[in-house]
Structure formats: structure tokens, C-alpha cells
Amino acid sequence: MIRLRNTLLLLLPLFWLFFDPTLAQRRSYTSTFASPADTDARRPGSGRPPGGLRPVRTVETVNRWQQLEYGFANPQDRQQAEAAGNLVPENGTPIDVQPHYLPNGQARIFVTIPRFVTGIPYTLATVSDEQANNGPQLQPYPNFAWHNNNGDDCDRITSAFRVSITECNQMWVIDSGNIGGSQLCAPQLLQFDLNTDTLLHRFRFPNDTYTAGASLFIAPNLLVQDPPPRGNCARTMIYVPDVSYHGLVIYDHSANAAWRAEHRFMYPDPDHGLHTIAGESFILMDGIFTVNNDKRNLYFHPLASVSEYSVPLDVLNNRANWANGVDAMADQFKLLGRRKSECATSAFDSRSNLYCVAFNPIKLFAWNVNTPYTTRNFGNLPAKADELQFVSGMKVVRNNGGQEELWMLSNRFQKIAAGTIHANEVNFRILRRPLDDIHSGVFFASDDDLTNRLIFT
């Protein structure tokens with residue numbers, strides 16, 4: 001009898017878990033597991049709101065495409081693209097998204113379409129309001145004359161990969177200079193004035209920062225050291241991952257100089273080079289893929305990895321530290337912890353929360369840098385898994401109301417890799433999620449909460 005009673009006591013939490021109709025709702029808002037108070041208070045969305053429930057935000061679709069729709073300012077531009085063999089719509093894969101809020105409250109949305117293959121008329125675009133058969137039409141940025149080339153004019157944009165916007169309405173673009181795996185132009189950073197849509201600055205990376213035919217520069221992460229209203233964003237550091245030759249390039253805008261850093265943490269892990277998303281698998285041995293900073297440290301991970309790493313910014317920003325070699329400061333790099341799955345790009349908000357989307361299972365999660373990097377401290381945010389298949393672009397932006405939003409671009413890359421993508425399905429999405437619920441303390445469960453609930457309820 002004693003044994004039976006103890007067994008029933010152990011099963012009682014399971015009974016309430018499956019038969020309490022309010023539990024599913026309550027677990028989105030309140031915490032019932034035992035945990036240290038100091039850690040829990042810093043976890044994303046770990047608060048316990050008094051006096052009722054706060055609404056939980058959802059991920060909404062802003063734009064969607066079955067296949068990209070390229071628009072042109074006039075028929076002549078379209079004819080030029082067709083004549084150059086640069087208009088094959090099924091070849092385009094969007095990678096990055098960057099919204100820019102205008103004074104009227106509307107957002108101008110930028111996307112990049114790198115030239116992994118030929119047939120791409122332009123690789124940096126804005127999303128227009130004009131709808132076509134497969135989705136909204138794109139328009140070339142800043143205009144078509146900047147794009148229609150096949151690497152034969154390095155003063156134009158060869159292959160824009162990702163972008164980032166400063167508080168001074170300046171957009172930095174990383175142009176890999178690579179088409180279909182061939183390094184046709186030197187990688188370059190381009191800075192555009194978004195008030196006039198004109199070029200402010202160009203920096204071509206010197207030969208000692210990359211290896212032609214092996215390197216691939218894919219993102220600009222910004223550290224603005226003189227923001228407005230007192231500054232003009234002239235003292236900006238930019239951190240650029242070299243995804244295929246496993247390094248990091250640091251660009252000092254005020255000095256107009258760049259240098260390279262390397263570490264074994266930037267290499268792919270062969271045990272995590274086989275990725276599975278929504279039941280389809282593909283091999284992609286990408287190294288350092290995403291970099292983010294909180295003004296103190298740079299956080300990064302390879303795509304083929306489940307580990308997260310960091311290195312102090314003051315170590316990276318001092319060029320003298322690297323005078324003796326690209327691997328001179330190896331002891332400054334730190335392993336923070338591991339996930340249960342790979343994730344691609346990530347982004348920071350102003351509350352030190354880092355967001356990413358795990359591959360398998362597909363989950364949008366947030367981690368606060370003031371807690372240990374363990375799944376116990378990951379807050380899983382409600383989202384539809386089928387809309388988050390390979391999120392390759394992610395930004396946190398502040399709207400005109402002063403609230404931060406998470407923007408994402410998903411492109412179902414697993415289907416592109418497997419050759420199973422179909423133009424009669426929605427394949428590309430731009431998504432948005434307000435972050436005010438997280439910032440106001442709504443609780444989101446981690447992968448470990450169910451286990452803890454069964455033990456401690």
C-alpha cells in the first residue's frame with residue numbers, strides 16, 4: 001500500500017498536467033518550477049506579472065513569396081537584365097531583411113539576394129506595395145544601374161549579402177564580390193545615406209584580410225561609438241565574419257583600416273554539419289556565421305555547431321593585439337555553452353537578450369547574456385514552425401513609438417539544398433514580432449521547464 005501510495009503521489013502532477021484545462025494557458029505566463037531567484041530574474045521574460053495576465057505577442061507575416069518578383073523602374077531596365085542573362089526569377093533566394101522606419105511611421109524594408117548563381121538582376125532591394133502573382137514586387141536599391149553586372153564592374157554592387165543600419169540613417173552593406181563561388185571583385189563595405197539614397201563611403205578589403213576563392217564575407221555587425229544626438233556615427237567599428245575561411249575581420253571606420261582575427265572556435269564542427277529542418281536534411285559545413293555585440297563582448301557561432309562563443313570587444317578593437325598574427329589572442333576567446341540544435345543568424349535587443357531559431361526542432365528562443373548559456377535559460381517564444389524554416393536574416397529595430405521589434409526572413413533553405421522547392425508553395429517570408437511582452441516580464445517556458453514542473457509541482 002505504501003508503494004502504491006508513493007506511486008500515485010508521483011503520478012499526480014502528470015494527472016493535473018494533462019487534465020487541468022487552464023494549465024496550458026497559465027504555463028505561458030507564470031513560473032512554477034524551483035530555480036534560484038537571481039538567475040530567474042535575468043532570464044528573458046521571467047517576470048511574474050501582478051494583477052492579471054499580460055498578452056503574449058505572436059510572430060506575424062509581413063510579406064511572403066512563392067518566388068521572388070523583380071520589379072523595374074522602366075521597361076528598358078528589364079530588357080537590359082534579360083539581355084545580360086540576369087533575369088531568372090527561380091534562381092533568387094533572399095537572405096537578409098532590414099526594416100527602416102520613416103517619420104510617417106511606415107517601414108521601408110530592404111532585402112538582399114546574393115548571387116549564389118547567375119540570373120539575379122539585382123542583389124539589394126526594397127519591398128514595394130505593388131503585388132504580383134507570387135508576392136510583392138521588389139525594386140533595386142539604390143537603382144538598377146548599381147546592379148546589372150556579372151562581376152565586370154567592381155565599382156557597382158556585385159553580391160550584397162547582409163546589411164545593417166545605424167542610428168544616423170546610414171546603411172552599411174557587405175558586398176562579397178563573389179558570384180557562384182568565383183571571387184570576381186574584392187569584398188567591400190558600402191555606406192549609403194538613407195536620407196538621399198546616395199553613397200557616402202566605400203571600403204575595399206585589402207588582400208591580407210581575405211583569401212580569394214576561399215573567403216566569403218557575409219554580414220556587417222556594427223558598434224557605433226558616437227551615436228546621436230552628440231555624435232554622427234563616424235566612430236563605428238564593423239565586425240565581418242568570413243564564413244568559409246573561418247575568420248573575423250574588424251573594420252575601424254574612423255581609421256579606415258581593417259585587420260583579421262582567427263580562432264579554432266570559428267571553424268565548423270563536423271559532428272554538426274548535417275542539418276535537419278522540417279524533416280529534410282542537408283550538409284552545410286559553414287564556419288562562423290553570425291556575430292553580435294552588446295558593446296562589451298562579441299558573441300558568435302558557426303552554422304555547423306551547437307556552441308556559442310564570445311570574445312571581448314576591447315581585444316578585437318585594438319589592432320596592436322593582432323600584430324603578431326591572426327591567432328595571437330587565442331586565450332581571450334570563451335566557450336559560453338551549448339544548444340541542443342544548430343541555429344543560423346541571431347540578433348540582440350537593448351535588454352541583452354539574444355534571439356535565434358533552432359533548426360530541429362524549430363524553435364524561436366531568447367537567451368539573456370547575464371545568465372549561463374544553457375537550455376534551462378532559453379525562453380521559447382510562441383511561433384509557427386512552418387514559418388520559421390531556416391531564418392537567415394534577423395534584426396531588432398526600434399519603431400517610431402520607441403518599442404523594439406524582432407524582424408526575420410525565412411527561406412526554407414533545406415528545400416533549396418535538397419532540390420524540393422516548389423513555386424506553388426510559399427517559400428520566403430518576412431516576419432515581425434513586437435518585444436514589449438518580453439521586456440515587460442511575461443514568462444516563456446524553456447525546454448527544461450516541463451521536467452522541472454513534473455518534479456516540483
# chains A, B, ... in the order shown; residues from 1 in each chain; ligands from 1
>>> residues_around(residues="Glu90 (chain A)", least_positions_apart="4", cutoff="10 Å", atoms="only C-alpha atoms", output="list in words")
Gln66, Gln67, Leu68, Glu69, Gly119, Ile120, Ile421, His422 and Ala423 of chain A
>>> residues_around(residues="region 360-362 of chain A", least_positions_apart="3", cutoff="9 Å", atoms="only C-alpha atoms", output="ChimeraX atom specification")
/A:275-279,340-343,357,384-386,388-390
>>> write_last_selection(atoms="all heavy atoms", output="short mmCIF file (atom, residue, chain, number, x, y, z; two decimals), in the first residue's frame")
data_model
loop_
_atom_site.label_atom_id
_atom_site.label_comp_id
_atom_site.auth_asym_id
_atom_site.auth_seq_id
_atom_site.Cartn_x
_atom_site.Cartn_y
_atom_site.Cartn_z
N HIS A 275 22.40 19.00 -41.23
CA HIS A 275 21.30 19.74 -40.63
C HIS A 275 19.97 19.15 -41.07
O HIS A 275 19.81 18.75 -42.23
CB HIS A 275 21.35 21.22 -41.02
CG HIS A 275 22.72 21.82 -40.89
ND1 HIS A 275 23.24 22.23 -39.68
CD2 HIS A 275 23.68 22.07 -41.81
CE1 HIS A 275 24.45 22.73 -39.86
NE2 HIS A 275 24.74 22.63 -41.15
N THR A 276 19.01 19.13 -40.17
CA THR A 276 17.67 18.66 -40.49
C THR A 276 16.66 19.74 -40.12
O THR A 276 16.64 20.20 -38.97
CB THR A 276 17.33 17.35 -39.75
OG1 THR A 276 18.26 16.33 -40.14
CG2 THR A 276 15.91 16.89 -40.10
N ILE A 277 15.86 20.15 -41.09
CA ILE A 277 14.82 21.15 -40.88
C ILE A 277 13.53 20.63 -41.49
O ILE A 277 13.49 20.28 -42.67
CB ILE A 277 15.20 22.50 -41.52
CG1 ILE A 277 16.50 23.04 -40.92
CG2 ILE A 277 14.07 23.51 -41.36
CD1 ILE A 277 16.99 24.32 -41.57
N ALA A 278 12.50 20.54 -40.69
CA ALA A 278 11.17 20.08 -41.14
C ALA A 278 11.26 18.74 -41.88
O ALA A 278 10.60 18.53 -42.89
CB ALA A 278 10.52 21.15 -42.02
N GLY A 279 12.10 17.86 -41.38
CA GLY A 279 12.19 16.50 -41.91
C GLY A 279 13.10 16.33 -43.11
O GLY A 279 13.27 15.21 -43.59
N LYS A 340 20.86 22.50 -28.06
CA LYS A 340 20.51 21.15 -28.47
C LYS A 340 20.46 21.03 -29.99
O LYS A 340 20.33 19.93 -30.52
CB LYS A 340 19.16 20.75 -27.88
CG LYS A 340 19.18 20.61 -26.36
CD LYS A 340 17.81 20.20 -25.83
CE LYS A 340 17.84 20.05 -24.32
NZ LYS A 340 16.50 19.67 -23.78
N SER A 341 20.55 22.15 -30.69
CA SER A 341 20.43 22.14 -32.15
C SER A 341 21.21 23.31 -32.72
O SER A 341 21.51 24.29 -32.03
CB SER A 341 18.95 22.24 -32.55
OG SER A 341 18.82 22.47 -33.94
N GLU A 342 21.54 23.21 -34.01
CA GLU A 342 22.14 24.33 -34.71
C GLU A 342 21.11 25.45 -34.86
O GLU A 342 19.90 25.21 -34.86
CB GLU A 342 22.62 23.93 -36.10
CG GLU A 342 23.57 22.75 -36.15
CD GLU A 342 22.84 21.42 -36.19
OE1 GLU A 342 21.68 21.40 -36.64
OE2 GLU A 342 23.43 20.41 -35.75
N CYS A 343 21.59 26.68 -34.99
CA CYS A 343 20.75 27.80 -35.41
C CYS A 343 21.60 28.69 -36.30
O CYS A 343 22.83 28.64 -36.24
CB CYS A 343 20.15 28.55 -34.22
SG CYS A 343 21.31 29.52 -33.23
N VAL A 357 16.81 31.02 -33.97
CA VAL A 357 15.81 29.98 -34.29
C VAL A 357 16.53 28.65 -34.47
O VAL A 357 17.35 28.49 -35.38
CB VAL A 357 15.02 30.33 -35.56
CG1 VAL A 357 14.06 29.19 -35.91
CG2 VAL A 357 14.24 31.63 -35.37
N LYS A 384 4.91 29.73 -35.27
CA LYS A 384 4.57 28.60 -36.13
C LYS A 384 5.84 28.07 -36.78
O LYS A 384 6.52 28.79 -37.51
CB LYS A 384 3.57 29.03 -37.19
CG LYS A 384 2.23 29.47 -36.62
CD LYS A 384 1.29 29.92 -37.73
CE LYS A 384 -0.04 30.38 -37.17
NZ LYS A 384 -0.95 30.87 -38.25
N ALA A 385 6.13 26.81 -36.52
CA ALA A 385 7.38 26.22 -37.00
C ALA A 385 7.47 26.28 -38.53
O ALA A 385 8.56 26.49 -39.07
CB ALA A 385 7.51 24.78 -36.51
N ASP A 386 6.36 26.10 -39.23
CA ASP A 386 6.44 26.06 -40.69
C ASP A 386 6.79 27.42 -41.29
O ASP A 386 7.19 27.50 -42.46
CB ASP A 386 5.14 25.53 -41.29
CG ASP A 386 3.95 26.43 -41.00
OD1 ASP A 386 3.99 27.14 -39.98
OD2 ASP A 386 2.98 26.42 -41.79
N LEU A 388 9.13 29.38 -39.89
CA LEU A 388 10.49 29.69 -39.44
C LEU A 388 11.52 28.68 -39.96
O LEU A 388 12.51 28.41 -39.29
CB LEU A 388 10.54 29.74 -37.92
CG LEU A 388 9.70 30.82 -37.24
CD1 LEU A 388 9.80 30.68 -35.73
CD2 LEU A 388 10.13 32.21 -37.67
N GLN A 389 11.30 28.16 -41.15
CA GLN A 389 12.21 27.18 -41.71
C GLN A 389 13.43 27.90 -42.31
O GLN A 389 13.35 28.53 -43.34
CB GLN A 389 11.51 26.34 -42.78
CG GLN A 389 10.37 25.50 -42.21
CD GLN A 389 9.65 24.70 -43.28
OE1 GLN A 389 10.21 24.39 -44.34
NE2 GLN A 389 8.41 24.35 -43.02
N PHE A 390 14.53 27.80 -41.62
CA PHE A 390 15.82 28.44 -41.93
C PHE A 390 15.68 29.96 -41.96
O PHE A 390 15.51 30.57 -43.02
CB PHE A 390 16.42 27.94 -43.24
CG PHE A 390 17.92 28.19 -43.31
CD1 PHE A 390 18.80 27.20 -42.93
CD2 PHE A 390 18.44 29.40 -43.75
CE1 PHE A 390 20.18 27.43 -42.97
CE2 PHE A 390 19.80 29.63 -43.79
CZ PHE A 390 20.67 28.64 -43.41
#
>>> select_by_dssp(residues="region 172-300 of chain A", states="helix (DSSP H, G or I)", output="NGL selection string")
:A and (207-209 or 264-266 or 270-272)
>>> residues_around(residues="Thr198 (chain A)", least_positions_apart="3", cutoff="12 Å", atoms="only C-alpha atoms", output="list in words")
Tyr141, Pro142, Asn143, Trp146, Asn169, Gln170, Met171, Trp172, Leu190, Gln191, Phe192, Asp193, Leu194, Asn195, His201 and Arg202 of chain A
>>> write_last_selection(atoms="N, CA and C atoms", output="short mmCIF file (atom, residue, chain, number, x, y, z; two decimals), in the first residue's frame")
data_model
loop_
_atom_site.label_atom_id
_atom_site.label_comp_id
_atom_site.auth_asym_id
_atom_site.auth_seq_id
_atom_site.Cartn_x
_atom_site.Cartn_y
_atom_site.Cartn_z
N TYR A 141 17.85 48.70 -55.18
CA TYR A 141 18.35 49.81 -54.37
C TYR A 141 19.85 49.97 -54.61
N PRO A 142 20.35 51.25 -54.73
CA PRO A 142 19.54 52.46 -54.82
C PRO A 142 18.87 52.64 -56.17
N ASN A 143 19.39 51.99 -57.21
CA ASN A 143 18.74 51.95 -58.52
C ASN A 143 19.36 50.82 -59.32
N TRP A 146 23.19 50.34 -60.39
CA TRP A 146 24.18 49.85 -59.45
C TRP A 146 24.39 48.33 -59.56
N ASN A 169 20.82 56.98 -39.71
CA ASN A 169 20.19 56.73 -41.01
C ASN A 169 21.21 56.41 -42.09
N GLN A 170 22.21 55.64 -41.71
CA GLN A 170 23.21 55.17 -42.66
C GLN A 170 23.13 53.65 -42.75
N MET A 171 23.12 53.14 -43.94
CA MET A 171 23.07 51.69 -44.13
C MET A 171 24.41 51.18 -44.65
N TRP A 172 24.96 50.21 -43.90
CA TRP A 172 26.19 49.54 -44.32
C TRP A 172 25.84 48.23 -45.02
N LEU A 190 29.93 49.11 -48.26
CA LEU A 190 29.35 50.31 -48.85
C LEU A 190 28.46 50.97 -47.82
N GLN A 191 28.58 52.28 -47.69
CA GLN A 191 27.77 53.04 -46.74
C GLN A 191 26.87 53.99 -47.52
N PHE A 192 25.55 53.83 -47.35
CA PHE A 192 24.58 54.67 -48.05
C PHE A 192 23.87 55.60 -47.06
N ASP A 193 23.63 56.83 -47.51
CA ASP A 193 22.83 57.78 -46.76
C ASP A 193 21.36 57.50 -47.11
N LEU A 194 20.58 57.07 -46.14
CA LEU A 194 19.19 56.71 -46.40
C LEU A 194 18.29 57.92 -46.56
N ASN A 195 18.80 59.11 -46.23
CA ASN A 195 18.01 60.32 -46.47
C ASN A 195 18.05 60.73 -47.93
N HIS A 201 30.40 56.25 -48.53
CA HIS A 201 31.75 55.72 -48.29
C HIS A 201 31.86 54.31 -48.87
N ARG A 202 33.04 54.00 -49.35
CA ARG A 202 33.33 52.65 -49.84
C ARG A 202 34.67 52.21 -49.24
#
>>> residues_around(residues="Asn63 (chain A)", least_positions_apart="4", cutoff="10 Å", atoms="only C-alpha atoms", output="list in words")
Ile109, Val127, Asp129, Gly135, Pro136, Leu409, Phe428, Arg429, Ile430, Leu431 and Arg432 of chain A
